[in-house]
>>> print(open('input.cif').read())   # mmCIF, C-alpha atoms and all ligand atoms
data_entry
#
loop_
_atom_site.group_PDB
_atom_site.id
_atom_site.type_symbol
_atom_site.label_atom_id
_atom_site.label_comp_id
_atom_site.auth_asym_id
_atom_site.auth_seq_id
_atom_site.Cartn_x
_atom_site.Cartn_y
_atom_site.Cartn_z
ATOM 1 C CA MET A 9 86.756 78.032 15.459
ATOM 2 C CA LYS A 10 88.385 79.157 12.240
ATOM 3 C CA VAL A 11 91.923 78.104 11.383
ATOM 4 C CA CYS A 12 93.974 79.231 8.428
ATOM 5 C CA VAL A 13 97.377 77.709 7.688
ATOM 6 C CA LEU A 14 100.033 79.536 5.660
ATOM 7 C CA THR A 15 102.314 76.943 4.099
ATOM 8 C CA LEU A 16 104.432 76.056 1.083
ATOM 9 C CA PHE A 17 102.934 72.526 1.219
ATOM 10 C CA PRO A 18 99.128 72.840 1.433
ATOM 11 C CA GLU A 19 98.743 69.287 0.064
ATOM 12 C CA LEU A 20 100.105 67.913 3.347
ATOM 13 C CA PHE A 21 96.945 69.149 5.073
ATOM 14 C CA GLU A 22 94.417 67.506 2.729
ATOM 15 C CA PRO A 23 94.459 64.073 4.418
ATOM 16 C CA PHE A 24 94.598 65.779 7.804
ATOM 17 C CA TRP A 25 91.307 67.651 7.207
ATOM 18 C CA ALA A 26 89.735 64.555 5.651
ATOM 19 C CA HIS A 27 89.883 62.034 8.517
ATOM 20 C CA GLY A 28 88.761 61.294 12.049
ATOM 21 C CA ILE A 29 87.780 63.897 14.596
ATOM 22 C CA ILE A 30 89.114 66.795 12.523
ATOM 23 C CA ARG A 31 86.837 65.799 9.651
ATOM 24 C CA ARG A 32 83.880 65.411 12.040
ATOM 25 C CA ALA A 33 84.546 68.836 13.566
ATOM 26 C CA ILE A 34 84.561 70.395 10.087
ATOM 27 C CA GLN A 35 81.372 68.576 9.069
ATOM 28 C CA ALA A 36 79.679 69.759 12.294
ATOM 29 C CA ASP A 37 80.763 73.379 11.596
ATOM 30 C CA LYS A 38 82.764 73.464 14.833
ATOM 31 C CA LEU A 39 85.939 73.957 12.793
ATOM 32 C CA ALA A 40 86.436 75.895 9.561
ATOM 33 C CA ALA A 41 89.834 75.090 8.095
ATOM 34 C CA ARG A 42 91.709 76.369 5.070
ATOM 35 C CA THR A 43 95.246 76.624 3.791
ATOM 36 C CA ILE A 44 96.903 79.405 1.855
ATOM 37 C CA ASN A 45 99.845 78.523 -0.359
ATOM 38 C CA ILE A 46 102.542 81.095 0.381
ATOM 39 C CA ARG A 47 103.941 80.514 -3.121
ATOM 40 C CA ASP A 48 100.701 81.863 -4.632
ATOM 41 C CA HIS A 49 101.669 85.227 -3.117
ATOM 42 C CA ALA A 50 105.263 85.287 -4.365
ATOM 43 C CA ALA A 51 106.234 87.641 -7.165
ATOM 44 C CA GLY A 52 107.732 86.942 -10.588
ATOM 45 C CA ARG A 53 107.645 84.114 -13.048
ATOM 46 C CA HIS A 54 109.492 81.815 -10.618
ATOM 47 C CA ARG A 55 107.414 82.693 -7.527
ATOM 48 C CA VAL A 56 110.490 82.689 -5.288
ATOM 49 C CA THR A 57 109.690 82.419 -1.566
ATOM 50 C CA ASP A 58 113.227 82.224 -0.114
ATOM 51 C CA ASP A 59 116.576 83.962 -0.475
ATOM 52 C CA ARG A 60 120.137 83.880 0.884
ATOM 53 C CA PRO A 61 120.745 85.122 4.427
ATOM 54 C CA TYR A 62 122.245 88.581 4.958
ATOM 55 C CA GLY A 63 125.581 88.080 6.701
ATOM 56 C CA GLY A 64 126.124 84.736 5.027
ATOM 57 C CA GLY A 65 125.773 81.239 6.407
ATOM 58 C CA CYS A 66 124.103 78.106 5.215
ATOM 59 C CA GLY A 67 120.481 77.615 4.348
ATOM 60 C CA MET A 68 117.864 79.958 2.971
ATOM 61 C CA VAL A 69 115.506 82.432 4.630
ATOM 62 C CA MET A 70 111.809 82.868 3.847
ATOM 63 C CA LYS A 71 111.230 86.246 2.225
ATOM 64 C CA PRO A 72 108.916 88.624 4.089
ATOM 65 C CA GLU A 73 106.835 89.860 1.107
ATOM 66 C CA PRO A 74 105.094 86.563 0.156
ATOM 67 C CA LEU A 75 104.391 85.826 3.837
ATOM 68 C CA THR A 76 102.967 89.325 4.373
ATOM 69 C CA ALA A 77 100.768 89.098 1.275
ATOM 70 C CA ALA A 78 99.525 85.632 2.240
ATOM 71 C CA LEU A 79 98.798 86.821 5.781
ATOM 72 C CA ALA A 80 96.778 89.788 4.459
ATOM 73 C CA VAL A 81 94.528 87.350 2.582
ATOM 74 C CA ALA A 82 94.180 85.167 5.694
ATOM 75 C CA LYS A 83 93.300 88.205 7.837
ATOM 76 C CA SER A 84 90.748 89.540 5.370
ATOM 77 C CA GLY A 85 88.562 86.600 6.404
ATOM 78 C CA LEU A 86 89.568 86.552 10.078
ATOM 79 C CA THR A 87 89.919 90.045 11.544
ATOM 80 C CA SER A 88 90.302 89.002 15.198
ATOM 81 C CA ALA A 89 92.689 86.089 14.557
ATOM 82 C CA THR A 90 95.766 85.298 16.634
ATOM 83 C CA THR A 91 98.806 84.746 14.393
ATOM 84 C CA LEU A 92 101.128 81.937 15.481
ATOM 85 C CA LEU A 93 104.463 80.961 13.956
ATOM 86 C CA LEU A 94 105.556 77.346 14.257
ATOM 87 C CA SER A 95 109.234 77.636 15.076
ATOM 88 C CA PRO A 96 111.955 75.732 16.922
ATOM 89 C CA GLN A 97 112.518 78.940 18.928
ATOM 90 C CA GLY A 98 108.948 79.030 20.236
ATOM 91 C CA ARG A 99 107.502 78.279 23.663
ATOM 92 C CA CYS A 100 106.999 74.542 23.949
ATOM 93 C CA PHE A 101 103.398 73.523 23.269
ATOM 94 C CA ASP A 102 101.563 71.693 26.056
ATOM 95 C CA GLN A 103 98.003 70.925 27.194
ATOM 96 C CA ALA A 104 97.708 74.272 29.000
ATOM 97 C CA ALA A 105 98.640 76.077 25.767
ATOM 98 C CA ALA A 106 96.086 73.955 23.882
ATOM 99 C CA GLN A 107 93.402 74.927 26.410
ATOM 100 C CA ALA A 108 94.261 78.622 26.110
ATOM 101 C CA LEU A 109 94.137 78.473 22.291
ATOM 102 C CA ALA A 110 90.847 76.528 22.323
ATOM 103 C CA ALA A 111 89.121 79.709 23.536
ATOM 104 C CA SER A 112 90.165 81.607 20.361
ATOM 105 C CA GLU A 113 87.752 82.748 17.649
ATOM 106 C CA ALA A 114 90.337 82.268 14.929
ATOM 107 C CA LEU A 115 93.936 81.150 14.538
ATOM 108 C CA ILE A 116 96.378 81.769 11.715
ATOM 109 C CA LEU A 117 99.273 79.312 11.768
ATOM 110 C CA VAL A 118 102.365 80.198 9.768
ATOM 111 C CA CYS A 119 104.598 77.277 8.807
ATOM 112 C CA GLY A 120 108.236 78.012 8.167
ATOM 113 C CA ARG A 121 110.525 76.015 5.895
ATOM 114 C CA TYR A 122 114.250 76.384 5.177
ATOM 115 C CA GLU A 123 116.520 77.812 7.920
ATOM 116 C CA GLY A 124 114.013 80.378 9.127
ATOM 117 C CA VAL A 125 111.718 83.323 8.515
ATOM 118 C CA ASP A 126 112.825 86.935 7.968
ATOM 119 C CA GLU A 127 112.726 88.497 11.456
ATOM 120 C CA ARG A 128 110.831 91.593 10.257
ATOM 121 C CA PHE A 129 107.787 89.467 9.399
ATOM 122 C CA ILE A 130 107.894 87.930 12.901
ATOM 123 C CA ASP A 131 108.333 91.299 14.640
ATOM 124 C CA THR A 132 105.429 92.888 12.791
ATOM 125 C CA HIS A 133 102.863 90.123 12.437
ATOM 126 C CA VAL A 134 103.437 87.187 14.797
ATOM 127 C CA ASP A 135 101.671 87.179 18.186
ATOM 128 C CA ALA A 136 103.459 84.069 19.500
ATOM 129 C CA GLU A 137 105.973 81.450 18.375
ATOM 130 C CA ILE A 138 105.219 77.817 19.190
ATOM 131 C CA SER A 139 107.570 74.815 19.188
ATOM 132 C CA ILE A 140 106.223 71.267 19.590
ATOM 133 C CA GLY A 141 109.342 69.954 21.323
ATOM 134 C CA ASP A 142 113.097 69.985 21.458
ATOM 135 C CA PHE A 143 113.849 68.085 18.261
ATOM 136 C CA VAL A 144 114.510 69.286 14.727
ATOM 137 C CA LEU A 145 111.782 69.097 12.075
ATOM 138 C CA THR A 146 112.067 70.075 8.416
ATOM 139 C CA GLY A 147 109.302 72.648 8.683
ATOM 140 C CA GLY A 148 106.328 73.889 10.663
ATOM 141 C CA GLU A 149 103.582 71.842 8.986
ATOM 142 C CA LEU A 150 103.628 68.878 11.366
ATOM 143 C CA GLY A 151 103.740 71.350 14.248
ATOM 144 C CA ALA A 152 100.664 73.144 12.905
ATOM 145 C CA MET A 153 98.815 69.827 12.626
ATOM 146 C CA VAL A 154 99.772 68.919 16.197
ATOM 147 C CA VAL A 155 98.463 72.253 17.478
ATOM 148 C CA ILE A 156 95.232 72.080 15.433
ATOM 149 C CA ASP A 157 94.645 68.472 16.515
ATOM 150 C CA ALA A 158 95.118 69.202 20.229
ATOM 151 C CA VAL A 159 93.005 72.377 20.087
ATOM 152 C CA THR A 160 90.157 70.961 17.972
ATOM 153 C CA ARG A 161 89.334 68.169 20.393
ATOM 154 C CA LEU A 162 88.903 70.832 23.132
ATOM 155 C CA ILE A 163 86.273 72.800 21.177
ATOM 156 C CA PRO A 164 82.928 72.287 22.955
ATOM 157 C CA GLY A 165 80.802 69.687 21.170
ATOM 158 C CA VAL A 166 83.644 68.169 19.135
ATOM 159 C CA LEU A 167 84.159 65.100 21.325
ATOM 160 C CA GLY A 168 81.258 62.960 22.432
ATOM 161 C CA ASN A 169 80.618 62.731 26.176
ATOM 162 C CA ALA A 170 82.063 59.200 25.976
ATOM 163 C CA ASP A 171 85.630 60.498 25.595
ATOM 164 C CA SER A 172 85.228 64.060 26.826
ATOM 165 C CA ALA A 173 88.351 66.191 27.115
ATOM 166 C CA GLY A 174 88.036 66.668 30.888
ATOM 167 C CA SER A 175 89.350 63.237 31.889
ATOM 168 C CA ASP A 176 92.574 63.509 29.864
ATOM 169 C CA THR A 177 95.925 62.241 31.074
ATOM 170 C CA PHE A 178 97.417 65.676 31.316
ATOM 171 C CA SER A 179 94.376 67.577 32.506
ATOM 172 C CA ASP A 180 94.450 65.721 35.831
ATOM 173 C CA GLY A 181 98.235 65.409 35.824
ATOM 174 C CA LEU A 182 98.508 61.610 35.981
ATOM 175 C CA VAL A 183 99.005 59.021 33.260
ATOM 176 C CA GLU A 184 95.969 56.850 32.624
ATOM 177 C CA TYR A 185 95.119 53.493 34.106
ATOM 178 C CA ALA A 186 95.576 50.446 31.847
ATOM 179 C CA HIS A 187 92.839 49.677 29.323
ATOM 180 C CA TYR A 188 91.540 46.243 28.333
ATOM 181 C CA THR A 189 88.861 44.962 25.988
ATOM 182 C CA ARG A 190 87.698 41.511 24.915
ATOM 183 C CA PRO A 191 88.813 38.738 24.819
ATOM 184 C CA ALA A 192 89.229 38.114 28.569
ATOM 185 C CA THR A 193 92.295 35.950 27.800
ATOM 186 C CA PHE A 194 94.660 36.843 24.949
ATOM 187 C CA ASN A 195 97.825 34.800 24.320
ATOM 188 C CA GLY A 196 97.564 33.522 27.891
ATOM 189 C CA GLN A 197 97.367 37.059 29.302
ATOM 190 C CA THR A 198 94.259 37.744 31.379
ATOM 191 C CA VAL A 199 92.372 40.932 32.178
ATOM 192 C CA PRO A 200 92.678 41.948 35.886
ATOM 193 C CA ALA A 201 89.842 40.187 37.738
ATOM 194 C CA VAL A 202 88.602 43.373 39.436
ATOM 195 C CA LEU A 203 87.630 44.812 36.026
ATOM 196 C CA GLN A 204 85.357 41.818 35.425
ATOM 197 C CA SER A 205 83.879 41.904 38.941
ATOM 198 C CA GLY A 206 81.120 44.432 38.263
ATOM 199 C CA ASN A 207 82.091 46.154 41.548
ATOM 200 C CA HIS A 208 82.327 49.761 40.391
ATOM 201 C CA ALA A 209 83.695 51.131 43.662
ATOM 202 C CA ALA A 210 86.487 48.535 43.529
ATOM 203 C CA ILE A 211 87.106 49.312 39.843
ATOM 204 C CA ASP A 212 87.366 53.076 40.573
ATOM 205 C CA GLN A 213 89.757 52.377 43.450
ATOM 206 C CA TRP A 214 91.919 50.075 41.255
ATOM 207 C CA ARG A 215 92.021 52.658 38.466
ATOM 208 C CA GLN A 216 93.024 55.492 40.824
ATOM 209 C CA GLU A 217 95.685 53.401 42.505
ATOM 210 C CA THR A 218 97.212 52.002 39.316
ATOM 211 C CA ALA A 219 97.129 55.428 37.598
ATOM 212 C CA LEU A 220 99.184 56.800 40.490
ATOM 213 C CA MET A 221 101.580 53.797 40.412
ATOM 214 C CA ARG A 222 101.974 54.027 36.618
ATOM 215 C CA THR A 223 102.771 57.737 36.970
ATOM 216 C CA VAL A 224 105.460 56.957 39.561
ATOM 217 C CA LEU A 225 106.970 54.365 37.192
ATOM 218 C CA LYS A 226 106.504 56.026 33.774
ATOM 219 C CA ARG A 227 106.351 59.793 34.390
ATOM 220 C CA PRO A 228 107.700 60.684 37.858
ATOM 221 C CA ASP A 229 108.396 64.207 36.519
ATOM 222 C CA LEU A 230 104.612 64.842 36.440
ATOM 223 C CA LEU A 231 104.386 64.322 40.212
ATOM 224 C CA THR A 232 107.041 66.829 41.259
ATOM 225 C CA LYS A 233 105.071 69.776 39.826
ATOM 226 C CA ARG A 234 101.691 68.753 41.174
ATOM 227 C CA GLU A 235 99.843 68.520 44.500
ATOM 228 C CA PHE A 236 98.185 65.309 45.690
ATOM 229 C CA SER A 237 94.448 65.037 46.320
ATOM 230 C CA ALA A 238 93.130 63.602 49.607
ATOM 231 C CA ALA A 239 92.370 60.295 47.848
ATOM 232 C CA GLU A 240 95.897 60.152 46.399
ATOM 233 C CA ARG A 241 97.407 60.918 49.827
ATOM 234 C CA ALA A 242 95.453 57.991 51.247
ATOM 235 C CA ILE A 243 96.859 55.701 48.550
ATOM 236 C CA LEU A 244 100.420 56.931 49.161
ATOM 237 C CA MET A 245 100.039 56.393 52.944
ATOM 238 C CA LYS A 246 98.838 52.848 52.307
ATOM 239 C CA TRP A 247 101.918 52.201 50.126
ATOM 240 C CA ARG A 248 104.097 53.633 52.885
ATOM 241 C CA GLN A 249 102.532 51.234 55.414
ATOM 242 C CA ASP A 250 103.031 48.333 52.976
ATOM 243 C CA LEU A 251 106.699 49.290 52.498
ATOM 244 C CA ASP A 252 107.226 49.788 56.266
ATOM 245 C CA ARG A 253 105.808 46.327 56.914
ATOM 246 C CA LEU A 254 108.055 44.863 54.191
ATOM 247 C CA LEU A 255 111.165 46.539 55.641
ATOM 248 C CA GLY A 256 110.275 45.472 59.184
HETATM 249 C C1 LIG B 301 120.576 74.490 12.179
HETATM 250 C C2 LIG B 301 119.722 75.394 12.969
HETATM 251 N N1 LIG B 301 118.349 74.916 13.090
HETATM 252 C C3 LIG B 301 117.821 75.230 14.462
HETATM 253 C C4 LIG B 301 117.713 74.008 15.300
HETATM 254 C C5 LIG B 301 117.511 75.615 12.144
HETATM 255 C C6 LIG B 301 116.166 75.089 11.903
HETATM 256 C C7 LIG B 301 115.778 73.801 12.204
HETATM 257 C C8 LIG B 301 114.485 73.364 11.895
HETATM 258 C C9 LIG B 301 115.268 75.929 11.308
HETATM 259 C C10 LIG B 301 113.987 75.483 11.007
HETATM 260 C C11 LIG B 301 113.621 74.204 11.299
HETATM 261 C C12 LIG B 301 112.273 73.741 10.942
HETATM 262 N N2 LIG B 301 111.457 73.498 12.135
HETATM 263 C C13 LIG B 301 110.277 74.050 12.303
HETATM 264 O O1 LIG B 301 109.828 74.806 11.474
HETATM 265 C C14 LIG B 301 109.546 73.776 13.522
HETATM 266 C C15 LIG B 301 109.858 72.967 14.654
HETATM 267 C C16 LIG B 301 110.986 72.159 14.982
HETATM 268 O O2 LIG B 301 111.968 72.015 14.228
HETATM 269 N N3 LIG B 301 110.983 71.523 16.178
HETATM 270 C C17 LIG B 301 109.952 71.601 17.045
HETATM 271 N N4 LIG B 301 108.887 72.343 16.800
HETATM 272 C C18 LIG B 301 108.850 73.008 15.614
HETATM 273 S S1 LIG B 301 107.599 73.979 15.117
HETATM 274 C C19 LIG B 301 108.308 74.378 13.707
#
>>> encode(input="input.cif", output="structure tokens", more="lines below")
Ligand code: 9D3
Amino acid sequence: MKVCVLTLFPELFEPFWAHGIIRRAIQADKLAARTINIRDHAAGRHRVTDDRPYGGGCGMVMKPEPLTAALAVAKSGLTSATTLLLSPQGRCFDQAAAQALAASEALILVCGRYEGVDERFIDTHVDAEISIGDFVLTGGELGAMVVIDAVTRLIPGVLGNADSAGSDTFSDGLVEYAHYTRPATFNGQTVPAVLQSGNHAAIDQWRQETALMRTVLKRPDLLTKREFSAAERAILMKWRQDLDRLLG
């Protein structure tokens, strides 16, 4: 996949490209990443990228000409790219959106700064607006990194089989079971005995059951928009029997 980020702060992306799974994906040619500095496409000695809003009000608006010129350069390399604007007005990004974007040949991510982007640029050039949540950021760069991070790990061959993307928390709709590693006792806290038993059927059962319980406790909202599997129904029925016995 090719990604191109239009930003006023390309330096923010340097450490992002240079570490972890993103770096590995680039080294393995699964991801080709670049940034374009919007300011490099602004006119005049001062390379102004923003201006005062028509109609008044506080804050500045990103001018359409530098964005359009920067986008033309991005598109010259990526003809079939989808253009996304990171924006607080966008559809909220989730795992389903990440999966849909992971099928793309190329993505252009436009990062806004200031109060917003001139609407004519959005109308003409932006295929979709994406928000990463209902909180206020200072610009789209962190949003672009979130989207690129979530999408990159879904590109075939980017993750090893060891932590493949299929068994993710949100792809099966439950939170994960608890994880433990050595030592077996840490500060007087022990690892659940079943995990040290070597009984893999019992371990699978414990993990399924505790994942369901942890979802009830931590993220009950996930369960209201999701159907239960036969195995999960069996667990829930067992809990019901346990509760019935307790209540008499
Ligand atoms: C005072 C009005 N603000 C709307 C809540 C204006 C405004 C806030 C923040 C305009 C731009 C921004 C910068 N935010 C982003 O560019 C952004 C963002 C976000 O703020 N929250 C969640 N996702 C995203 S993606 C891009």
>>> residues_near_point(input="input.cif", point="(92.7, 75.3, 7.2)", cutoff="7 Å", atoms="all atoms listed in the file", output="number ranges by chain")
A: 11-13, 40-43
>>> resolve_selection(input="input.cif", expression="the PyMOL selection byres (((not hetatm)) within 7 of (chain B and resi 301))", output="list of chain:residue names")
A:Leu94, A:Ser95, A:Pro96, A:Cys119, A:Gly120, A:Arg121, A:Tyr122, A:Glu123, A:Gly124, A:Ile138, A:Ser139, A:Ile140, A:Gly141, A:Asp142, A:Phe143, A:Val144, A:Leu145, A:Thr146, A:Gly147, A:Gly148, A:Gly151
>>> write_last_selection(input="input.cif", atoms="C-alpha atoms", output="PDB file, in the coordinates of the input")
ATOM      1  CA  LEU A  94     105.556  77.346  14.257  1.00  0.00           C
ATOM      2  CA  SER A  95     109.234  77.636  15.076  1.00  0.00           C
ATOM      3  CA  PRO A  96     111.955  75.732  16.922  1.00  0.00           C
ATOM      4  CA  CYS A 119     104.598  77.277   8.807  1.00  0.00           C
ATOM      5  CA  GLY A 120     108.236  78.012   8.167  1.00  0.00           C
ATOM      6  CA  ARG A 121     110.525  76.015   5.895  1.00  0.00           C
ATOM      7  CA  TYR A 122     114.250  76.384   5.177  1.00  0.00           C
ATOM      8  CA  GLU A 123     116.520  77.812   7.920  1.00  0.00           C
ATOM      9  CA  GLY A 124     114.013  80.378   9.127  1.00  0.00           C
ATOM     10  CA  ILE A 138     105.219  77.817  19.190  1.00  0.00           C
ATOM     11  CA  SER A 139     107.570  74.815  19.188  1.00  0.00           C
ATOM     12  CA  ILE A 140     106.223  71.267  19.590  1.00  0.00           C
ATOM     13  CA  GLY A 141     109.342  69.954  21.323  1.00  0.00           C
ATOM     14  CA  ASP A 142     113.097  69.985  21.458  1.00  0.00           C
ATOM     15  CA  PHE A 143     113.849  68.085  18.261  1.00  0.00           C
ATOM     16  CA  VAL A 144     114.510  69.286  14.727  1.00  0.00           C
ATOM     17  CA  LEU A 145     111.782  69.097  12.075  1.00  0.00           C
ATOM     18  CA  THR A 146     112.067  70.075   8.416  1.00  0.00           C
ATOM     19  CA  GLY A 147     109.302  72.648   8.683  1.00  0.00           C
ATOM     20  CA  GLY A 148     106.328  73.889  10.663  1.00  0.00           C
ATOM     21  CA  GLY A 151     103.740  71.350  14.248  1.00  0.00           C
TER      22      GLY A 151
END
>>> resolve_selection(input="input.cif", expression="the PyMOL selection byres (((chain A and resi 216) around 9) and not hetatm)", output="compact mmCIF listing (two decimals) with C-alpha atoms, keeping the file's coordinate frame")
# COMPACT_ATOMS: atom_id res chain seq x y z
CA GLU A 184 95.97 56.85 32.62
CA TYR A 185 95.12 53.49 34.11
CA ILE A 211 87.11 49.31 39.84
CA ASP A 212 87.37 53.08 40.57
CA GLN A 213 89.76 52.38 43.45
CA TRP A 214 91.92 50.08 41.26
CA ARG A 215 92.02 52.66 38.47
CA GLU A 217 95.68 53.40 42.50
CA THR A 218 97.21 52.00 39.32
CA ALA A 219 97.13 55.43 37.60
CA LEU A 220 99.18 56.80 40.49
CA MET A 221 101.58 53.80 40.41
CA ALA A 239 92.37 60.30 47.85
CA GLU A 240 95.90 60.15 46.40
CA ILE A 243 96.86 55.70 48.55
>>> resolve_selection(input="input.cif", expression="the PyMOL selection byres (((chain A and resi 107) around 10) and not hetatm)", output="JSON list (two decimals) with C-alpha atoms, keeping the file's coordinate frame")
[["chain", "number", "residue", "atom", "x", "y", "z"],
["A", 102, "ASP", "CA", 101.56, 71.69, 26.06],
["A", 103, "GLN", "CA", 98.00, 70.92, 27.19],
["A", 104, "ALA", "CA", 97.71, 74.27, 29.00],
["A", 105, "ALA", "CA", 98.64, 76.08, 25.77],
["A", 106, "ALA", "CA", 96.09, 73.96, 23.88],
["A", 108, "ALA", "CA", 94.26, 78.62, 26.11],
["A", 109, "LEU", "CA", 94.14, 78.47, 22.29],
["A", 110, "ALA", "CA", 90.85, 76.53, 22.32],
["A", 111, "ALA", "CA", 89.12, 79.71, 23.54],
["A", 112, "SER", "CA", 90.16, 81.61, 20.36],
["A", 158, "ALA", "CA", 95.12, 69.20, 20.23],
["A", 159, "VAL", "CA", 93.00, 72.38, 20.09],
["A", 160, "THR", "CA", 90.16, 70.96, 17.97],
["A", 161, "ARG", "CA", 89.33, 68.17, 20.39],
["A", 162, "LEU", "CA", 88.90, 70.83, 23.13],
["A", 163, "ILE", "CA", 86.27, 72.80, 21.18],
["A", 179, "SER", "CA", 94.38, 67.58, 32.51]]
>>> residues_around(input="input.cif", residues="range 186-193 of chain A", least_positions_apart="4", cutoff="10 Å", atoms="only C-alpha atoms", output="ChimeraX atom specification")
/A:197-201,203-204,215,218-219,222
>>> closest_residue(input="input.cif", among="A:Ile44, A:Gly63, A:Val56, A:Cys100", to="Ala80 in chain A", atoms="all atoms listed in the file")
A:Ile44
>>> atom_distance(input="input.cif", atom1="CA of Leu86 in chain A", atom2="CA of Val69 in chain A")
26.8 Å
